[in-house]
Amino acid sequence: MHLPGADTVLIRHGDVNTKSNTVKRYMEDCLAENLTALLADRSIPGEVERRWNRPLIHTDEAHVDAATATAADAFGVVSASPVRTVDTAKGEICAALAEAAEACYDGGTFAVDARRADKSLPYTSEDLAREGGTAIWEAVEDEFEPEVDLDDPDLTFGVEVREDFAFIYLEKVPGPGGLPLGSQEPVIALISGGIDSPVAAYEMMRRGSPIVPVYVDLGDYGGIDHEARAMETVRTLSRYAPNFDMQVYTVPGGETVDLLVETMEQGRMLSLRRFFYRTAEHLASRVDAHGIVTGEAVGQKSSQTLQNLGVTSRATRLPIHRPLLTWDKADIVAKARKIDTFTQSTINAGCNRVAPDRAETNARLKPLLEYEPDDLFERAEEAARQAELVEP
Ligand SMILES: Nc1ncnc2c1ncn2[C@@H]1O[C@H](COP(=O)(O)OP(=O)(O)OP(=O)(O)O)[C@@H](O)[C@H]1O
C-alpha cells in the first residue's frame with residue numbers, strides 16, 4: 001500500500017554497505033544501471049538517482065507500486081518502499097504522518113519507525129517517533145480507538161530523514177539481497193530441464209555473478225520438451241537481468257549419452273557429469289567465465305553423494321559452485337516458485353532416463369576411469385566446439 005502523493009521509491013541495499021567507498025561506488029553504479037534496465041524492460045517510467053547510500057527511483061504515483069516491485073527484483077536490493085517526500089522540519093513530518101493516518105489507517109495497532117541519517121537536525125529519532133505517534137493518534141482518535149504496539153504493529157509508519165528530505169512510507173517490500181549483478185565475475189551455469197539448476201543459477205546471480213547458460217542436448221534421452229523447459233527457465237532468469245546477454249550455449253551430447261548407456265552400467269551418471277563439467281570448462285575459457293554452477297545438493301541423487309561429487313569434480317580444474325549444496329528439496333521448490341522458474345511437468349526425460357537400474361553411490365576415480373570411454377574428454381572438447389548459441 002502506498003501513501004497518497006508517493007512518487008518515489010526508496011531503495012535499501014545491505015552487503016554493498018559493508019564495502020570500502022571505492023567498491024561501494026562501483027557496486028552502486030552497477031545497481032543503478034540494472035535498475036534503469038529493469039524499468040525500461042518493463043516499460044515503467046522512472047529516473048534512478050544515486051544518493052546517500054540509498055538509490056532512489058523518481059516516478060509518478062500511478063507507477064510507484066510497479067517501480068517498487070521492480071526495484072525489489074534487483075539483485076543487491078534488501079528492500080524498497082514507495083515514499084512520499086517532505087521537508088525535514090519536524091512539524092512537516094508530523095503533519096504528513098497525520099495525513100497518512102487519515103488516508104490509510106483503519107483501526108488496529110500502529111507504530112512509528114523513525115530514522116535520522118543527519119545527526120545535525122534539531123531533533124532525535126525518538127522525538128520523531130513520539131511526536132509523530134501523537135500526531136497520528138490525534139488524526140484518527142475521533143473515528144477509531146488507536147493503540148500503539150511497538151513489537152508487532154498492524155501498521156508501521158516509516159520515516160527516514162536524510163540531509164535535505166524526509167521520506168514517509170507504509171511498506172517495505174523485501175528484495176533478494178545479495179550484490180548487484182555484474183559486480184562479480186561470470187560463471188557457466190549448467191541448466192537442465194529440471195527444477196534445481198535454475199534456482200542455483202539465480203543464487204549466483206543474486207551474489208552478483210552474471211551467468212552463461214549451457215544446456216547439453218541429451219539426444220533421445222532429452223527431447224524437445226526437456227530442451228523447451230530449460231529454455232523457458234533461462235527466459236525467466238533473463239527477466240531479472242535484461243541488460244545481460246542470456247543466450248544459451250546448446251551442446252550436442254546425444255551421441256555421448258548413447259555411448260555411455262551402451263557401454264557403462266556402474267558409474268554411467270558420474271561419467272556423464274564429468275562430460276558436462278569438461279564441456280563447461282572449454283566454454284568457460286571461451287567466454288572468460290570463472291567457474292561452473294550446478295543445481296546439485298548433497299545426497300539428493302545417488303550421483304550426488306559427497307564421495308561422488310568429489311570424483312566427478314576432478315574432471316575439471318575450474319571450481320564447481322553448488323549454491324544448493326545444503327538445501328532441502330522443499331526449499332528449492334519454494335524458491336523456484338517464488339522466482340517463477342518452477343515449471344510443473346510430468347515429462348520423464350533428461351538424466352532420469354539415462355540413469356541405470358543400479359546406481360553408484362561410492363565411486364572411486366581409478367576404476368571409473370577404467371570403465372568410462374577413453375575419449376570422454378575429447379568428446380567434451382568437440383561438443384563444446386560444436387555448441388550453438390540459441391536465443392532462449
Ligand atoms: N542436460 C543438461 N544440460 C546441462 N546441465 C545439466 C543437464 N542435466 C543436468 N545438468 C546439470 O547437472 C546437475 C545435476 O544433474 P541432475 O541429474 O540432478 O539434473 P536434473 O534433476 O535433471 O535437473 P536439476 O538438477 O536442474 O533439477 C544439474 O543441476 C545441472 O546443473
# chains A, B, ... in the order shown; residues from 1 in each chain; ligands from 1
$ residues_around --residues "region 312-314 of chain A" --least-positions-apart "4" --cutoff "7 Å" --atoms "only C-alpha atoms" --output "ChimeraX atom specification"
/A:270,273-274,308
$ residues_near_ligand --ligand "ligand 1" --cutoff "6 Å" --atoms "only C-alpha atoms and all ligand atoms" --output "list in words"
Leu190, Ile191, Ser192, Gly193, Gly194, Ile195, Asp196, Ser197, Val214, Tyr215, Val216, Asp217, Leu218, Thr294, Gly295, Glu296, Gly350 and Cys351 of chain A
$ write_last_selection --atoms "N, CA, C and O atoms" --output "JSON list (two decimals), in the first residue's frame"
[["chain", "number", "residue", "atom", "x", "y", "z"],
["A", 190, "LEU", "N", 25.24, -24.62, -15.70],
["A", 190, "LEU", "CA", 24.73, -25.83, -16.36],
["A", 190, "LEU", "C", 23.23, -25.92, -16.05],
["A", 190, "LEU", "O", 22.83, -26.14, -14.91],
["A", 191, "ILE", "N", 22.44, -25.68, -17.08],
["A", 191, "ILE", "CA", 20.99, -25.62, -16.91],
["A", 191, "ILE", "C", 20.36, -26.84, -17.56],
["A", 191, "ILE", "O", 20.51, -27.07, -18.77],
["A", 192, "SER", "N", 19.65, -27.64, -16.75],
["A", 192, "SER", "CA", 18.95, -28.80, -17.30],
["A", 192, "SER", "C", 17.48, -28.42, -17.44],
["A", 192, "SER", "O", 17.10, -27.29, -17.22],
["A", 193, "GLY", "N", 16.67, -29.37, -17.79],
["A", 193, "GLY", "CA", 15.23, -29.09, -17.81],
["A", 193, "GLY", "C", 14.59, -29.27, -16.45],
["A", 193, "GLY", "O", 13.37, -29.33, -16.34],
["A", 194, "GLY", "N", 15.40, -29.35, -15.38],
["A", 194, "GLY", "CA", 14.85, -29.64, -14.04],
["A", 194, "GLY", "C", 14.60, -28.39, -13.20],
["A", 194, "GLY", "O", 14.74, -27.26, -13.67],
["A", 195, "ILE", "N", 14.25, -28.63, -11.95],
["A", 195, "ILE", "CA", 13.86, -27.54, -11.05],
["A", 195, "ILE", "C", 15.09, -26.87, -10.42],
["A", 195, "ILE", "O", 15.13, -25.66, -10.20],
["A", 196, "ASP", "N", 16.12, -27.68, -10.12],
["A", 196, "ASP", "CA", 17.20, -27.18, -9.27],
["A", 196, "ASP", "C", 18.17, -26.21, -9.95],
["A", 196, "ASP", "O", 18.54, -25.18, -9.36],
["A", 197, "SER", "N", 18.59, -26.55, -11.18],
["A", 197, "SER", "CA", 19.66, -25.74, -11.76],
["A", 197, "SER", "C", 19.27, -24.28, -11.99],
["A", 197, "SER", "O", 20.11, -23.40, -11.76],
["A", 214, "VAL", "N", 24.35, -22.98, -20.16],
["A", 214, "VAL", "CA", 24.76, -24.08, -21.05],
["A", 214, "VAL", "C", 23.76, -25.21, -20.87],
["A", 214, "VAL", "O", 23.51, -25.66, -19.74],
["A", 215, "TYR", "N", 23.19, -25.65, -21.97],
["A", 215, "TYR", "CA", 22.27, -26.80, -21.94],
["A", 215, "TYR", "C", 22.88, -27.91, -22.79],
["A", 215, "TYR", "O", 23.27, -27.67, -23.94],
["A", 216, "VAL", "N", 22.97, -29.11, -22.23],
["A", 216, "VAL", "CA", 23.50, -30.24, -23.01],
["A", 216, "VAL", "C", 22.32, -31.03, -23.55],
["A", 216, "VAL", "O", 21.48, -31.53, -22.79],
["A", 217, "ASP", "N", 22.26, -31.08, -24.87],
["A", 217, "ASP", "CA", 21.20, -31.83, -25.54],
["A", 217, "ASP", "C", 21.51, -33.32, -25.39],
["A", 217, "ASP", "O", 22.57, -33.79, -25.82],
["A", 218, "LEU", "N", 20.60, -34.05, -24.74],
["A", 218, "LEU", "CA", 20.86, -35.46, -24.43],
["A", 218, "LEU", "C", 20.36, -36.40, -25.52],
["A", 218, "LEU", "O", 20.21, -37.60, -25.30],
["A", 294, "THR", "N", 26.12, -25.56, -10.68],
["A", 294, "THR", "CA", 25.17, -26.65, -10.93],
["A", 294, "THR", "C", 24.10, -26.65, -9.83],
["A", 294, "THR", "O", 24.27, -26.02, -8.78],
["A", 295, "GLY", "N", 23.05, -27.41, -10.06],
["A", 295, "GLY", "CA", 21.96, -27.49, -9.08],
["A", 295, "GLY", "C", 22.11, -28.67, -8.14],
["A", 295, "GLY", "O", 21.13, -29.09, -7.52],
["A", 296, "GLU", "N", 23.32, -29.20, -7.99],
["A", 296, "GLU", "CA", 23.49, -30.39, -7.15],
["A", 296, "GLU", "C", 23.38, -30.07, -5.66],
["A", 296, "GLU", "O", 23.73, -28.98, -5.21],
["A", 350, "GLY", "N", 15.58, -36.42, -19.67],
["A", 350, "GLY", "CA", 16.82, -35.97, -19.07],
["A", 350, "GLY", "C", 17.53, -37.09, -18.33],
["A", 350, "GLY", "O", 17.38, -38.27, -18.63],
["A", 351, "CYS", "N", 18.29, -36.68, -17.30],
["A", 351, "CYS", "CA", 19.16, -37.62, -16.61],
["A", 351, "CYS", "C", 18.37, -38.77, -15.98],
["A", 351, "CYS", "O", 18.88, -39.87, -15.84]]
$ closest_atom_pairs --of "region 210-305 of chain A" --to "region 370-374 of chain A" --cutoff "8 Å" --atoms "only C-alpha atoms" --output "CSV"
residue,atom,partner,partner_atom,distance
A:Leu260,CA,A:Glu372,CA,7.6
A:Thr263,CA,A:Glu372,CA,8.0
A:Met264,CA,A:Tyr371,CA,6.8
A:Gly267,CA,A:Glu372,CA,7.9
A:Arg268,CA,A:Glu372,CA,7.6
A:Ser271,CA,A:Glu372,CA,6.5
$ select_by_dssp --residues "region 9-231 of chain A" --states "strand (DSSP E or B)" --output "compact mmCIF listing (two decimals) with C-alpha atoms, in the first residue's frame"
# COMPACT_ATOMS: atom_id res chain seq x y z
CA VAL A 9 10.97 4.56 -4.49
CA LEU A 10 13.49 4.44 -1.65
CA ILE A 11 15.92 1.53 -2.07
CA ARG A 12 17.97 -0.11 0.67
CA HIS A 13 20.97 -2.30 -0.03
CA GLU A 47 14.72 8.01 -13.23
CA VAL A 48 17.29 6.37 -10.99
CA GLU A 49 19.20 8.70 -8.70
CA LEU A 56 16.00 6.49 -5.43
CA ILE A 57 13.67 5.97 -8.35
CA HIS A 58 11.71 9.09 -9.27
CA VAL A 77 18.36 -4.73 -3.02
CA VAL A 78 17.34 -5.62 0.53
CA SER A 79 14.05 -3.74 0.47
CA ALA A 80 12.23 -1.00 -1.40
CA SER A 81 9.50 1.41 -0.27
CA PRO A 82 7.17 3.71 -2.18
CA VAL A 83 7.67 7.01 -0.37
CA ARG A 84 6.20 10.47 -0.10
CA THR A 85 8.88 13.16 0.11
CA VAL A 86 8.52 16.06 2.57
CA THR A 109 -2.29 -1.24 16.39
CA PHE A 110 0.36 1.03 14.92
CA ALA A 111 3.95 2.15 15.43
CA VAL A 112 6.29 4.79 14.06
CA ASP A 113 9.68 3.57 12.87
CA ALA A 114 11.80 6.73 12.62
CA ARG A 115 15.40 7.01 11.44
CA ARG A 116 17.55 10.08 11.08
CA GLU A 147 -3.40 1.52 20.06
CA VAL A 148 0.38 1.63 19.90
CA LEU A 155 0.58 -0.80 10.54
CA THR A 156 4.03 0.78 10.68
CA PHE A 157 4.56 4.38 9.65
CA GLY A 158 8.14 4.63 8.42
CA VAL A 159 10.09 7.88 8.48
CA GLU A 160 13.59 8.24 7.13
CA VAL A 161 15.15 11.67 7.39
CA ALA A 166 12.33 13.23 4.76
CA PHE A 167 10.63 10.14 3.38
CA ILE A 168 7.35 8.76 4.72
CA TYR A 169 6.21 5.25 3.83
CA VAL A 173 8.90 -4.73 0.00
CA PRO A 174 11.69 -7.28 0.56
CA VAL A 187 30.09 -18.25 -14.34
CA ILE A 188 28.94 -21.04 -16.63
CA ALA A 189 25.50 -22.23 -15.46
CA LEU A 190 24.73 -25.83 -16.36
CA ILE A 211 25.58 -16.46 -15.86
CA VAL A 212 26.41 -18.02 -19.21
CA PRO A 213 23.73 -20.74 -19.56
CA VAL A 214 24.76 -24.08 -21.05
CA TYR A 215 22.27 -26.80 -21.94
CA VAL A 216 23.50 -30.24 -23.01
CA ASP A 217 21.20 -31.83 -25.54
$ closest_atom_pairs --of "region 346-388 of chain A" --to "region 276-291 of chain A" --cutoff "7 Å" --atoms "only C-alpha atoms" --output "CSV"
residue,atom,partner,partner_atom,distance
A:Phe377,CA,A:Arg278,CA,6.6
A:Ala380,CA,A:Thr279,CA,4.6
A:Glu381,CA,A:Thr279,CA,6.0
A:Ala383,CA,A:Thr279,CA,6.7
A:Ala384,CA,A:Thr279,CA,5.4
$ decode --residues "region 29-64 of chain A" --atoms "N, CA and C atoms" --output "CSV table (one decimal), in the first residue's frame"
chain,number,residue,atom,x,y,z
A,29,ASP,N,27.0,1.9,-8.9
A,29,ASP,CA,26.9,2.1,-10.3
A,29,ASP,C,26.2,0.9,-11.0
A,30,CYS,N,26.7,-0.3,-10.6
A,30,CYS,CA,26.1,-1.5,-11.2
A,30,CYS,C,24.6,-1.5,-10.9
A,31,LEU,N,24.3,-1.3,-9.7
A,31,LEU,CA,22.9,-1.4,-9.3
A,31,LEU,C,22.0,-0.3,-10.0
A,32,ALA,N,22.6,0.9,-10.2
A,32,ALA,CA,21.8,1.9,-10.9
A,32,ALA,C,21.6,1.5,-12.3
A,33,GLU,N,22.6,1.0,-12.9
A,33,GLU,CA,22.4,0.5,-14.3
A,33,GLU,C,21.4,-0.6,-14.4
A,34,ASN,N,21.4,-1.5,-13.5
A,34,ASN,CA,20.5,-2.6,-13.5
A,34,ASN,C,19.1,-2.2,-13.3
A,35,LEU,N,18.9,-1.2,-12.4
A,35,LEU,CA,17.6,-0.7,-12.1
A,35,LEU,C,17.0,0.0,-13.3
A,36,THR,N,17.9,0.8,-14.0
A,36,THR,CA,17.4,1.5,-15.2
A,36,THR,C,17.0,0.5,-16.2
A,37,ALA,N,17.8,-0.6,-16.4
A,37,ALA,CA,17.4,-1.6,-17.4
A,37,ALA,C,16.2,-2.3,-17.1
A,38,LEU,N,16.0,-2.6,-15.8
A,38,LEU,CA,14.8,-3.3,-15.4
A,38,LEU,C,13.5,-2.5,-15.7
A,39,LEU,N,13.6,-1.2,-15.3
A,39,LEU,CA,12.5,-0.3,-15.5
A,39,LEU,C,12.1,-0.2,-17.0
A,40,ALA,N,13.2,0.0,-17.8
A,40,ALA,CA,13.0,0.1,-19.3
A,40,ALA,C,12.3,-1.1,-19.8
A,41,ASP,N,12.9,-2.3,-19.4
A,41,ASP,CA,12.4,-3.6,-19.9
A,41,ASP,C,10.9,-3.8,-19.6
A,42,ARG,N,10.5,-3.2,-18.4
A,42,ARG,CA,9.1,-3.4,-18.0
A,42,ARG,C,8.2,-2.2,-18.4
A,43,SER,N,8.8,-1.2,-19.2
A,43,SER,CA,8.1,0.0,-19.6
A,43,SER,C,7.5,0.8,-18.5
A,44,ILE,N,8.3,0.9,-17.4
A,44,ILE,CA,7.9,1.7,-16.3
A,44,ILE,C,8.7,3.0,-16.3
A,45,PRO,N,8.0,4.2,-16.3
A,45,PRO,CA,8.8,5.4,-16.3
A,45,PRO,C,9.5,5.6,-15.0
A,46,GLY,N,10.7,6.0,-15.0
A,46,GLY,CA,11.4,6.2,-13.7
A,46,GLY,C,12.9,6.6,-14.0
A,47,GLU,N,13.3,7.6,-13.2
A,47,GLU,CA,14.7,8.0,-13.2
A,47,GLU,C,15.4,7.5,-12.0
A,48,VAL,N,16.6,6.9,-12.2
A,48,VAL,CA,17.3,6.4,-11.0
A,48,VAL,C,18.3,7.4,-10.5
A,49,GLU,N,18.2,7.7,-9.2
A,49,GLU,CA,19.2,8.7,-8.7
A,49,GLU,C,20.0,8.0,-7.6
A,50,ARG,N,21.3,8.2,-7.6
A,50,ARG,CA,22.2,7.6,-6.6
A,50,ARG,C,22.4,8.7,-5.5
A,51,ARG,N,22.0,8.4,-4.3
A,51,ARG,CA,22.2,9.4,-3.2
A,51,ARG,C,22.4,8.7,-1.9
A,52,TRP,N,23.2,9.2,-1.1
A,52,TRP,CA,23.4,8.8,0.3
A,52,TRP,C,23.2,7.3,0.6
A,53,ASN,N,23.9,6.5,-0.1
A,53,ASN,CA,23.7,5.0,0.2
A,53,ASN,C,22.3,4.5,-0.1
A,54,ARG,N,21.5,5.4,-0.6
A,54,ARG,CA,20.1,5.0,-0.8
A,54,ARG,C,19.7,5.4,-2.2
A,55,PRO,N,19.8,4.5,-3.2
A,55,PRO,CA,19.3,4.9,-4.5
A,55,PRO,C,17.8,5.2,-4.5
A,56,LEU,N,17.4,6.1,-5.3
A,56,LEU,CA,16.0,6.5,-5.4
A,56,LEU,C,15.5,6.3,-6.9
A,57,ILE,N,14.3,5.9,-7.0
A,57,ILE,CA,13.7,6.0,-8.3
A,57,ILE,C,12.6,7.1,-8.3
A,58,HIS,N,12.7,8.1,-9.2
A,58,HIS,CA,11.7,9.1,-9.3
A,58,HIS,C,10.7,8.7,-10.4
A,59,THR,N,9.5,8.5,-10.0
A,59,THR,CA,8.5,8.1,-11.0
A,59,THR,C,7.2,9.0,-10.7
A,60,ASP,N,6.1,8.4,-11.0
A,60,ASP,CA,4.8,9.2,-10.6
A,60,ASP,C,4.0,8.2,-9.8
A,61,GLU,N,2.9,8.8,-9.2
A,61,GLU,CA,2.1,8.0,-8.3
A,61,GLU,C,1.5,6.8,-9.0
A,62,ALA,N,1.1,6.9,-10.2
A,62,ALA,CA,0.5,5.8,-10.9
A,62,ALA,C,1.4,4.6,-11.1
A,63,HIS,N,2.7,4.9,-11.1
A,63,HIS,CA,3.7,3.8,-11.4
A,63,HIS,C,4.5,3.4,-10.2
A,64,VAL,N,4.2,4.1,-9.0
A,64,VAL,CA,5.1,3.9,-7.9
A,64,VAL,C,5.1,2.4,-7.4
